[in-house]
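**Student:** Just so it is clear, I am handing over my_file.pdb, which has PDB, C-alpha atoms.
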ATOM      1  CA  ASP F   1      -0.012 -72.348 -56.966
ATOM      2  CA  PHE F   2       1.584 -72.180 -53.547
ATOM      3  CA  LEU F   3      -1.894 -71.573 -52.120
ATOM      4  CA  SER F   4      -2.655 -75.235 -52.757
ATOM      5  CA  LYS F   5       0.266 -76.440 -50.656
ATOM      6  CA  PRO F   6      -0.844 -77.608 -47.206
ATOM      7  CA  GLU F   7       1.829 -75.696 -45.290
ATOM      8  CA  TYR F   8       0.729 -72.384 -46.778
ATOM      9  CA  ALA F   9      -2.952 -73.171 -46.389
ATOM     10  CA  TYR F  10      -2.408 -73.866 -42.701
ATOM     11  CA  ALA F  11      -0.417 -70.668 -42.406
ATOM     12  CA  ALA F  12      -3.287 -68.731 -43.946
ATOM     13  CA  VAL F  13      -5.814 -70.080 -41.471
ATOM     14  CA  ASP F  14      -3.659 -70.027 -38.372
ATOM     15  CA  LEU F  15      -2.022 -66.631 -38.785
ATOM     16  CA  ALA F  16      -5.229 -64.973 -39.923
ATOM     17  CA  ALA F  17      -6.981 -66.305 -36.829
ATOM     18  CA  GLU F  18      -4.142 -64.983 -34.678
ATOM     19  CA  GLY F  19      -4.548 -61.556 -36.295
ATOM     20  CA  ARG F  20      -8.263 -61.434 -35.533
ATOM     21  CA  THR F  21      -7.636 -62.519 -31.957
ATOM     22  CA  ARG F  22      -4.972 -59.837 -31.502
ATOM     23  CA  ARG F  23      -7.234 -57.095 -32.859
ATOM     24  CA  ALA F  24     -10.053 -58.177 -30.584
ATOM     25  CA  ARG F  25      -7.687 -58.176 -27.614
ATOM     26  CA  GLU F  26      -6.094 -54.811 -28.404
ATOM     27  CA  GLY F  27      -9.277 -53.139 -29.596
ATOM     28  CA  THR F  28      -7.670 -52.180 -32.903
ATOM     29  CA  ARG F  29      -9.355 -52.202 -36.310
ATOM     30  CA  GLY F  30      -6.623 -53.713 -38.414
ATOM     31  CA  GLU F  31      -4.295 -50.726 -38.618
ATOM     32  CA  THR F  32      -0.580 -51.520 -38.685
ATOM     33  CA  ARG F  33       1.690 -50.533 -35.846
ATOM     34  CA  GLU F  34       4.028 -48.717 -38.217
ATOM     35  CA  SER F  35       2.609 -46.531 -40.989
ATOM     36  CA  ASP F  36       5.475 -47.473 -43.311
ATOM     37  CA  GLU F  37       5.324 -51.215 -42.621
ATOM     38  CA  ALA F  38       6.263 -53.030 -45.824
ATOM     39  CA  PHE F  39       4.133 -55.638 -47.553
ATOM     40  CA  PRO F  40       5.407 -59.060 -46.409
ATOM     41  CA  THR F  41       7.791 -60.897 -48.734
ATOM     42  CA  ASP F  42       7.679 -64.322 -47.088
ATOM     43  CA  ARG F  43       5.128 -66.542 -48.801
ATOM     44  CA  ARG F  44       3.568 -67.758 -45.588
ATOM     45  CA  GLU F  45       3.153 -64.184 -44.412
ATOM     46  CA  GLN F  46       1.731 -63.114 -47.776
ATOM     47  CA  VAL F  47      -0.887 -65.848 -47.665
ATOM     48  CA  SER F  48      -1.917 -64.924 -44.147
ATOM     49  CA  PHE F  49      -1.971 -61.232 -45.075
ATOM     50  CA  ILE F  50      -4.355 -61.871 -47.971
ATOM     51  CA  ARG F  51      -6.440 -64.305 -45.940
ATOM     52  CA  ASP F  52      -6.701 -61.798 -43.108
ATOM     53  CA  ALA F  53      -7.972 -59.136 -45.516
ATOM     54  CA  PHE F  54     -11.205 -61.146 -45.768
ATOM     55  CA  ASP F  55     -11.936 -60.802 -42.081
ATOM     56  CA  PRO F  56     -15.627 -61.658 -41.520
ATOM     57  CA  SER F  57     -15.628 -59.616 -38.321
ATOM     58  CA  PHE F  58     -15.301 -56.385 -40.366
ATOM     59  CA  ASP F  59     -18.639 -54.604 -39.963
ATOM     60  CA  TRP F  60     -20.373 -51.290 -40.637
ATOM     61  CA  ASP F  61     -18.784 -49.691 -37.590
ATOM     62  CA  ASP F  62     -15.357 -50.533 -39.023
ATOM     63  CA  ALA F  63     -16.385 -49.104 -42.387
ATOM     64  CA  GLU F  64     -17.560 -45.878 -40.763
ATOM     65  CA  TRP F  65     -14.335 -45.597 -38.785
ATOM     66  CA  LEU F  66     -12.299 -46.088 -41.954
ATOM     67  CA  CYS F  67     -14.361 -43.449 -43.755
ATOM     68  CA  GLN F  68     -13.827 -40.934 -40.961
ATOM     69  CA  GLU F  69     -10.085 -41.600 -40.916
ATOM     70  CA  TRP F  70      -9.764 -40.461 -44.541
ATOM     71  CA  ASN F  71      -9.499 -36.678 -44.676
ATOM     72  CA  GLU F  72      -8.035 -36.215 -48.145
ATOM     73  CA  GLY F  73     -11.254 -36.091 -50.151
ATOM     74  CA  PRO F  74     -14.363 -38.084 -51.104
ATOM     75  CA  VAL F  75     -14.615 -41.721 -50.070
ATOM     76  CA  ALA F  76     -16.365 -44.494 -52.005
ATOM     77  CA  LEU F  77     -17.525 -47.839 -50.635
ATOM     78  CA  LYS F  78     -16.938 -50.609 -53.164
ATOM     79  CA  GLY F  79     -18.739 -53.931 -53.352
ATOM     80  CA  VAL F  80     -22.339 -52.808 -52.875
ATOM     81  CA  VAL F  81     -25.084 -54.856 -54.579
ATOM     82  CA  ARG F  82     -28.048 -54.211 -52.273
ATOM     83  CA  PRO F  83     -30.099 -50.984 -52.302
ATOM     84  CA  SER F  84     -30.373 -51.104 -48.505
ATOM     85  CA  ASP F  85     -26.591 -51.333 -48.190
ATOM     86  CA  ALA F  86     -26.197 -48.359 -50.523
ATOM     87  CA  VAL F  87     -28.406 -46.244 -48.269
ATOM     88  CA  LYS F  88     -26.541 -47.505 -45.216
ATOM     89  CA  ALA F  89     -23.229 -46.497 -46.820
ATOM     90  CA  VAL F  90     -24.515 -42.953 -47.252
ATOM     91  CA  ASP F  91     -25.737 -42.894 -43.651
ATOM     92  CA  ARG F  92     -22.271 -43.978 -42.527
ATOM     93  CA  GLY F  93     -20.619 -41.025 -44.290
ATOM     94  CA  PHE F  94     -19.530 -42.305 -47.693
ATOM     95  CA  ASP F  95     -19.635 -39.865 -50.600
ATOM     96  CA  ALA F  96     -19.991 -42.456 -53.364
ATOM     97  CA  VAL F  97     -21.248 -46.002 -53.750
ATOM     98  CA  TRP F  98     -19.334 -48.394 -55.987
ATOM     99  CA  VAL F  99     -21.699 -51.035 -57.333
ATOM    100  CA  SER F 100     -19.552 -54.117 -57.794
ATOM    101  CA  ASN F 101     -19.310 -57.829 -57.076
ATOM    102  CA  HIS F 102     -15.498 -57.689 -57.382
ATOM    103  CA  GLY F 103     -15.486 -59.415 -60.734
ATOM    104  CA  GLY F 104     -17.704 -62.226 -59.487
ATOM    105  CA  ARG F 105     -14.652 -63.935 -58.005
ATOM    106  CA  GLN F 106     -15.549 -63.572 -54.343
ATOM    107  CA  LEU F 107     -19.084 -64.937 -54.062
ATOM    108  CA  GLU F 108     -20.340 -67.415 -56.611
ATOM    109  CA  THR F 109     -23.721 -66.563 -58.270
ATOM    110  CA  ALA F 110     -23.653 -63.000 -56.921
ATOM    111  CA  PRO F 111     -25.886 -60.671 -58.962
ATOM    112  CA  ALA F 112     -24.330 -58.757 -61.838
ATOM    113  CA  PRO F 113     -23.721 -55.081 -60.964
ATOM    114  CA  ILE F 114     -25.528 -53.833 -64.086
ATOM    115  CA  ASP F 115     -28.639 -55.733 -62.949
ATOM    116  CA  VAL F 116     -28.765 -54.154 -59.502
ATOM    117  CA  LEU F 117     -27.684 -50.663 -60.611
ATOM    118  CA  PRO F 118     -31.211 -49.355 -61.391
ATOM    119  CA  SER F 119     -32.594 -50.368 -57.993
ATOM    120  CA  ILE F 120     -29.636 -48.745 -56.235
ATOM    121  CA  ARG F 121     -30.153 -45.541 -58.243
ATOM    122  CA  ASP F 122     -33.797 -45.641 -57.143
ATOM    123  CA  ALA F 123     -32.643 -45.977 -53.532
ATOM    124  CA  MET F 124     -30.580 -42.792 -53.952
ATOM    125  CA  GLY F 125     -33.655 -40.854 -55.062
ATOM    126  CA  GLY F 126     -34.410 -42.021 -58.574
ATOM    127  CA  MET F 127     -33.374 -41.126 -62.109
ATOM    128  CA  ARG F 128     -35.383 -37.897 -62.334
ATOM    129  CA  ALA F 129     -34.060 -36.444 -59.069
ATOM    130  CA  TRP F 130     -30.540 -37.524 -60.023
ATOM    131  CA  ASN F 131     -30.763 -35.816 -63.402
ATOM    132  CA  GLU F 132     -32.103 -32.592 -61.893
ATOM    133  CA  ALA F 133     -29.506 -32.502 -59.132
ATOM    134  CA  LYS F 134     -26.596 -33.483 -61.374
ATOM    135  CA  THR F 135     -27.509 -30.987 -64.083
ATOM    136  CA  ALA F 136     -27.726 -28.137 -61.580
ATOM    137  CA  GLU F 137     -24.400 -29.145 -60.051
ATOM    138  CA  GLU F 138     -22.721 -29.292 -63.464
ATOM    139  CA  ASP F 139     -24.063 -25.853 -64.386
ATOM    140  CA  VAL F 140     -22.362 -24.293 -61.358
ATOM    141  CA  TRP F 141     -19.018 -25.918 -62.149
ATOM    142  CA  ARG F 142     -19.262 -24.976 -65.818
ATOM    143  CA  SER F 143     -20.055 -21.392 -64.928
ATOM    144  CA  ALA F 144     -17.043 -21.225 -62.628
ATOM    145  CA  VAL F 145     -14.748 -22.608 -65.315
ATOM    146  CA  GLY F 146     -16.202 -20.245 -67.905
ATOM    147  CA  GLN F 147     -15.495 -17.293 -65.622
ATOM    148  CA  GLY F 148     -11.899 -18.368 -65.200
ATOM    149  CA  VAL F 149     -12.257 -19.175 -61.501
ATOM    150  CA  ASP F 150      -9.103 -20.691 -60.032
ATOM    151  CA  LEU F 151     -10.337 -24.054 -58.804
ATOM    152  CA  THR F 152      -6.848 -25.055 -57.690
ATOM    153  CA  ASP F 153      -7.245 -22.662 -54.771
ATOM    154  CA  LYS F 154      -8.725 -24.659 -51.897
ATOM    155  CA  ALA F 155     -10.874 -21.845 -50.521
ATOM    156  CA  THR F 156     -12.248 -20.995 -53.954
ATOM    157  CA  TYR F 157     -12.904 -24.643 -54.730
ATOM    158  CA  ALA F 158     -14.763 -25.089 -51.435
ATOM    159  CA  ASP F 159     -16.902 -22.035 -52.177
ATOM    160  CA  VAL F 160     -17.861 -23.271 -55.650
ATOM    161  CA  ARG F 161     -18.560 -26.739 -54.278
ATOM    162  CA  SER F 162     -20.882 -25.231 -51.677
ATOM    163  CA  LYS F 163     -22.775 -23.349 -54.389
ATOM    164  CA  ALA F 164     -22.990 -26.511 -56.492
ATOM    165  CA  ALA F 165     -24.388 -28.467 -53.538
ATOM    166  CA  ALA F 166     -27.006 -25.791 -52.854
ATOM    167  CA  ALA F 167     -28.038 -25.682 -56.504
ATOM    168  CA  ALA F 168     -28.330 -29.480 -56.672
ATOM    169  CA  ALA F 169     -30.443 -29.667 -53.521
ATOM    170  CA  SER F 170     -32.722 -26.890 -54.752
ATOM    171  CA  ALA F 171     -33.162 -28.431 -58.203
ATOM    172  CA  CYS F 172     -34.357 -31.805 -56.925
ATOM    173  CA  GLY F 173     -36.154 -30.461 -53.884
ATOM    174  CA  GLY F 174     -33.842 -32.399 -51.605
ATOM    175  CA  SER F 175     -35.202 -35.716 -52.880
ATOM    176  CA  HIS F 176     -31.805 -37.130 -53.852
ATOM    177  CA  LEU F 177     -29.408 -38.417 -51.202
ATOM    178  CA  THR F 178     -26.373 -36.195 -50.685
ATOM    179  CA  SER F 179     -22.976 -36.524 -49.081
ATOM    180  CA  ALA F 180     -22.806 -35.370 -45.481
ATOM    181  CA  LYS F 181     -19.265 -34.162 -46.151
ATOM    182  CA  THR F 182     -19.679 -32.228 -49.402
ATOM    183  CA  GLY F 183     -23.415 -31.748 -49.740
ATOM    184  CA  LEU F 184     -23.189 -32.962 -53.347
ATOM    185  CA  PRO F 185     -25.407 -35.716 -54.782
ATOM    186  CA  ILE F 186     -24.166 -39.210 -53.947
ATOM    187  CA  GLU F 187     -22.352 -40.648 -56.950
ATOM    188  CA  LEU F 188     -22.650 -44.194 -58.220
ATOM    189  CA  VAL F 189     -19.788 -46.042 -59.873
ATOM    190  CA  VAL F 190     -20.392 -49.396 -61.545
ATOM    191  CA  ASP F 191     -18.048 -52.059 -62.875
ATOM    192  CA  GLY F 192     -18.229 -55.714 -63.822
ATOM    193  CA  GLY F 193     -17.285 -57.194 -67.170
ATOM    194  CA  VAL F 194     -16.901 -53.847 -68.927
ATOM    195  CA  GLN F 195     -15.136 -54.741 -72.167
ATOM    196  CA  ARG F 196     -16.651 -52.429 -74.792
ATOM    197  CA  GLY F 197     -17.804 -48.872 -75.217
ATOM    198  CA  THR F 198     -21.382 -50.127 -75.389
ATOM    199  CA  ASP F 199     -20.915 -51.539 -71.887
ATOM    200  CA  VAL F 200     -19.908 -48.088 -70.677
ATOM    201  CA  LEU F 201     -22.971 -46.614 -72.373
ATOM    202  CA  LYS F 202     -25.278 -49.098 -70.661
ATOM    203  CA  GLY F 203     -23.853 -48.258 -67.245
ATOM    204  CA  LEU F 204     -24.267 -44.513 -67.768
ATOM    205  CA  ALA F 205     -27.786 -44.955 -69.110
ATOM    206  CA  MET F 206     -28.899 -47.155 -66.221
ATOM    207  CA  GLY F 207     -27.893 -44.651 -63.554
ATOM    208  CA  ALA F 208     -24.125 -44.607 -63.048
ATOM    209  CA  ASP F 209     -22.101 -41.407 -62.737
ATOM    210  CA  ALA F 210     -19.016 -43.338 -63.809
ATOM    211  CA  VAL F 211     -18.146 -46.756 -65.206
ATOM    212  CA  ALA F 212     -14.949 -48.475 -64.052
ATOM    213  CA  ILE F 213     -12.848 -50.939 -66.018
ATOM    214  CA  GLY F 214     -10.322 -53.591 -65.072
ATOM    215  CA  LYS F 215      -9.308 -56.098 -67.721
ATOM    216  CA  PRO F 216      -9.276 -53.793 -70.791
ATOM    217  CA  TYR F 217      -6.494 -51.522 -69.624
ATOM    218  CA  LEU F 218      -4.578 -54.485 -68.192
ATOM    219  CA  TYR F 219      -4.763 -56.228 -71.548
ATOM    220  CA  GLY F 220      -3.411 -53.077 -73.162
ATOM    221  CA  LEU F 221      -0.712 -52.721 -70.530
ATOM    222  CA  CYS F 222       0.475 -56.294 -71.004
ATOM    223  CA  ALA F 223       0.445 -55.991 -74.793
ATOM    224  CA  GLY F 224       2.092 -52.592 -75.153
ATOM    225  CA  GLY F 225       3.033 -51.054 -71.835
ATOM    226  CA  GLU F 226       1.872 -47.492 -71.184
ATOM    227  CA  ASP F 227       1.036 -46.949 -74.866
ATOM    228  CA  GLY F 228      -1.012 -50.136 -74.870
ATOM    229  CA  ALA F 229      -3.019 -49.029 -71.843
ATOM    230  CA  ALA F 230      -3.649 -45.655 -73.479
ATOM    231  CA  LYS F 231      -4.770 -47.421 -76.663
ATOM    232  CA  ALA F 232      -7.262 -49.517 -74.704
ATOM    233  CA  ILE F 233      -8.796 -46.350 -73.237
ATOM    234  CA  GLU F 234      -8.885 -44.801 -76.706
ATOM    235  CA  VAL F 235     -10.700 -47.835 -78.141
ATOM    236  CA  LEU F 236     -13.336 -47.665 -75.405
ATOM    237  CA  SER F 237     -13.770 -43.913 -75.942
ATOM    238  CA  VAL F 238     -14.233 -44.294 -79.687
ATOM    239  CA  GLU F 239     -16.719 -47.136 -79.207
ATOM    240  CA  LEU F 240     -18.658 -45.095 -76.636
ATOM    241  CA  GLU F 241     -18.869 -42.046 -78.896
ATOM    242  CA  ARG F 242     -19.981 -44.181 -81.833
ATOM    243  CA  ALA F 243     -22.653 -45.940 -79.782
ATOM    244  CA  MET F 244     -23.966 -42.626 -78.457
ATOM    245  CA  GLY F 245     -24.127 -41.255 -81.987
ATOM    246  CA  LEU F 246     -26.087 -44.278 -83.182
ATOM    247  CA  LEU F 247     -28.530 -43.753 -80.300
ATOM    248  CA  GLY F 248     -28.898 -40.123 -81.300
ATOM    249  CA  VAL F 249     -27.417 -38.550 -78.174
ATOM    250  CA  GLY F 250     -24.531 -36.110 -78.264
ATOM    251  CA  THR F 251     -23.501 -35.939 -74.611
ATOM    252  CA  VAL F 252     -23.713 -37.938 -71.394
ATOM    253  CA  ARG F 253     -25.842 -35.125 -70.018
ATOM    254  CA  GLU F 254     -28.379 -35.593 -72.822
ATOM    255  CA  LEU F 255     -28.339 -39.366 -72.343
ATOM    256  CA  ARG F 256     -29.054 -38.943 -68.639
ATOM    257  CA  ALA F 257     -31.856 -36.453 -69.243
ATOM    258  CA  ARG F 258     -33.607 -38.573 -71.859
ATOM    259  CA  MET F 259     -33.383 -41.722 -69.755
ATOM    260  CA  ALA F 260     -34.748 -39.777 -66.765
ATOM    261  CA  ALA F 261     -37.625 -38.594 -68.949
ATOM    262  CA  GLY F 262     -38.608 -42.186 -69.619
ATOM    263  CA  GLU F 263     -37.090 -42.841 -73.033
ATOM    264  CA  GLU F 264     -35.945 -46.448 -73.341
ATOM    265  CA  LEU F 265     -32.700 -45.756 -75.156
ATOM    266  CA  VAL F 266     -31.233 -48.663 -73.206
ATOM    267  CA  ARG F 267     -33.533 -51.338 -71.866
ATOM    268  CA  ARG F 268     -33.115 -53.279 -68.673
ATOM    269  CA  ARG F 269     -33.010 -56.969 -69.431
ATOM    270  CA  HIS F 270     -35.595 -59.346 -68.037
ATOM    271  CA  SER F 271     -35.027 -62.716 -66.466
ATOM    272  CA  SER F 272     -33.856 -65.592 -68.588
ATOM    273  CA  PRO F 273     -33.428 -69.361 -68.115
ATOM    274  CA  ARG F 274     -29.697 -68.751 -67.712
ATOM    275  CA  ASP F 275     -30.268 -66.885 -64.477
ATOM    276  CA  PHE F 276     -30.511 -68.413 -61.054
ATOM    277  CA  PRO F 277     -34.122 -69.692 -60.788
ATOM    278  CA  ASP F 278     -35.553 -67.073 -58.481
ATOM    279  CA  ARG F 279     -38.714 -65.573 -59.916
ATOM    280  CA  GLY F 280     -39.048 -62.980 -57.167
ATOM    281  CA  ALA F 281     -35.576 -61.494 -57.578
ATOM    282  CA  LEU F 282     -36.624 -58.868 -60.132
ATOM    283  CA  ASP F 283     -39.224 -57.448 -57.751
ATOM    284  CA  ARG F 284     -36.601 -57.140 -55.022
ATOM    285  CA  GLY F 285     -34.276 -55.112 -57.248
ATOM    286  CA  TYR F 286     -31.938 -57.885 -58.350
ATOM    287  CA  GLY F 287     -32.241 -57.382 -62.090
ATOM    288  CA  GLY F 288     -32.595 -60.368 -64.334
ATOM    289  CA  GLY F 289     -33.703 -62.955 -61.820
ATOM    290  CA  VAL F 290     -30.394 -63.403 -60.020
ATOM    291  CA  PHE F 291     -30.608 -63.733 -56.247
TER     292      PHE F 291
END
As structure tokens, how would this structure be written, given the file I've shared?

**Tutor:**
Amino acid sequence: DFLSKPEYAYAAVDLAAEGRTRRAREGTRGETRESDEAFPTDRREQVSFIRDAFDPSFDWDDAEWLCQEWNEGPVALKGVVRPSDAVKAVDRGFDAVWVSNHGGRQLETAPAPIDVLPSIRDAMGGMRAWNEAKTAEEDVWRSAVGQGVDLTDKATYADVRSKAAAAAASACGGSHLTSAKTGLPIELVVDGGVQRGTDVLKGLAMGADAVAIGKPYLYGLCAGGEDGAAKAIEVLSVELERAMGLLGVGTVRELRARMAAGEELVRRRHSSPRDFPDRGALDRGYGGGVF
């Protein structure tokens, strides 16, 4: 509640503004002067630190710079809800797009991630191309594992990854967007109100490679520590398997293939009176009428 106190509110505005001015003057992009600089403990500094994290001057050039600075593996851009931004993220070098509105806490009436997911998958190349590319990629990895290939060896891993990328590109005829770094199909992650296994199923069916959770494991963690968090994951897994069985699909691969073939195992919802009154939103890829 200290955020509501005037002295801290002023600190947030003033110090954040000073930070933006300093970065503009020094030509820096927000990096700290010392790599091991500790998170501030003073409340005023904490408020300004958090406030400064929402710097409106951060742009696509900054995002590209950040992506290029990371050399440890694939990089995902989180917070994408527009198909055009998803394509731009790929053009800027990101390997994955994380479809999210950050829990709906940042921008009121932002579209739900599950509603925009199909249009973003279409922007990547579409369900059919995704299924073809992903299946070919998986076959290469499965073959390597079946042959006992040591994927912990960096050179071997890179070789198998190169073969997987070539197989994926060949399978879809190059119609699906790929990572400039790995050559593999761009992956989509989706989150947003995932509370049940059926929610996970919907995300996978509508075009996500992975579905992320937040509250469920935190609830488990608070209730039972590490065991509680593990139990939350177990509950979601059991619910997902049950829901898939009731739909008549045995694997995620089968679910993806049947959805790509046009089977409506999971239907995209249409607009409802509860949505923001924007009749043209569905045509622009914003799901159930939310703009």

**Student:** Counting all atoms listed in the file, which of F:Leu221, F:Ala205, F:Val81, F:Met127 gets nearest to Ala110 in chain F?

**Tutor:**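 So, comparing all the options, the nearest one is F:Val81.
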
**Student:** Closest to Gly192 in chain F among F:His102, F:Lys154, F:Arg128, F:Arg92, using all atoms listed in the file?

**Tutor:**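 Closest candidate: F:His102.
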
**Student:** Taking a cut-off of 6 Å and counting all atoms listed in the file, can you build a table that, for each residue of range 99-212 of chain F near range 76-79 of chain F, reports the nearest atom pair and how far apart they are in Å (one decimal), sorted by chain then residue number, as a tab-separated table?

**Tutor:**
residue	atom	partner	partner_atom	distance
F:Val99	CA	F:Gly79	CA	5.7
F:Ser100	CA	F:Gly79	CA	4.5
F:Asn101	CA	F:Gly79	CA	5.4

**Student:** Report the residues retrieved by the PyMOL selection byres ((chain F and resi 171) around 7) from the displayed file, expressed as a list of chain:residue names.

**Tutor:** F:Glu132, F:Ala133, F:Ala136, F:Ala167, F:Ala168, F:Ala169, F:Ser170, F:Cys172, F:Gly173

**Student:** Hey, could you pull the box centre and edge lengths for range 86-94 of chain F, axis-aligned, 4 Å padding per side, all listed atoms, to one decimal in Å, as JSON?

**Tutor:**
{"center_x": -24.0, "center_y": -44.7, "center_z": -46.5, "size_x": 16.9, "size_y": 15.3, "size_z": 16.0}

**Student:** Need the shell around Arg161 in chain F: protein/DNA/RNA residues with any atom at most 10 Å away, counting only C-alpha atoms. Skip same-chain ones fewer than 5 positions apart. Format as a list in words?

**Tutor:**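 Listing them by chain and then by number gives Glu137, Val140, Trp141, Leu151, Ala155, Thr156, Ala166, Ala167, Thr182, Gly183 and Leu184 of chain F.
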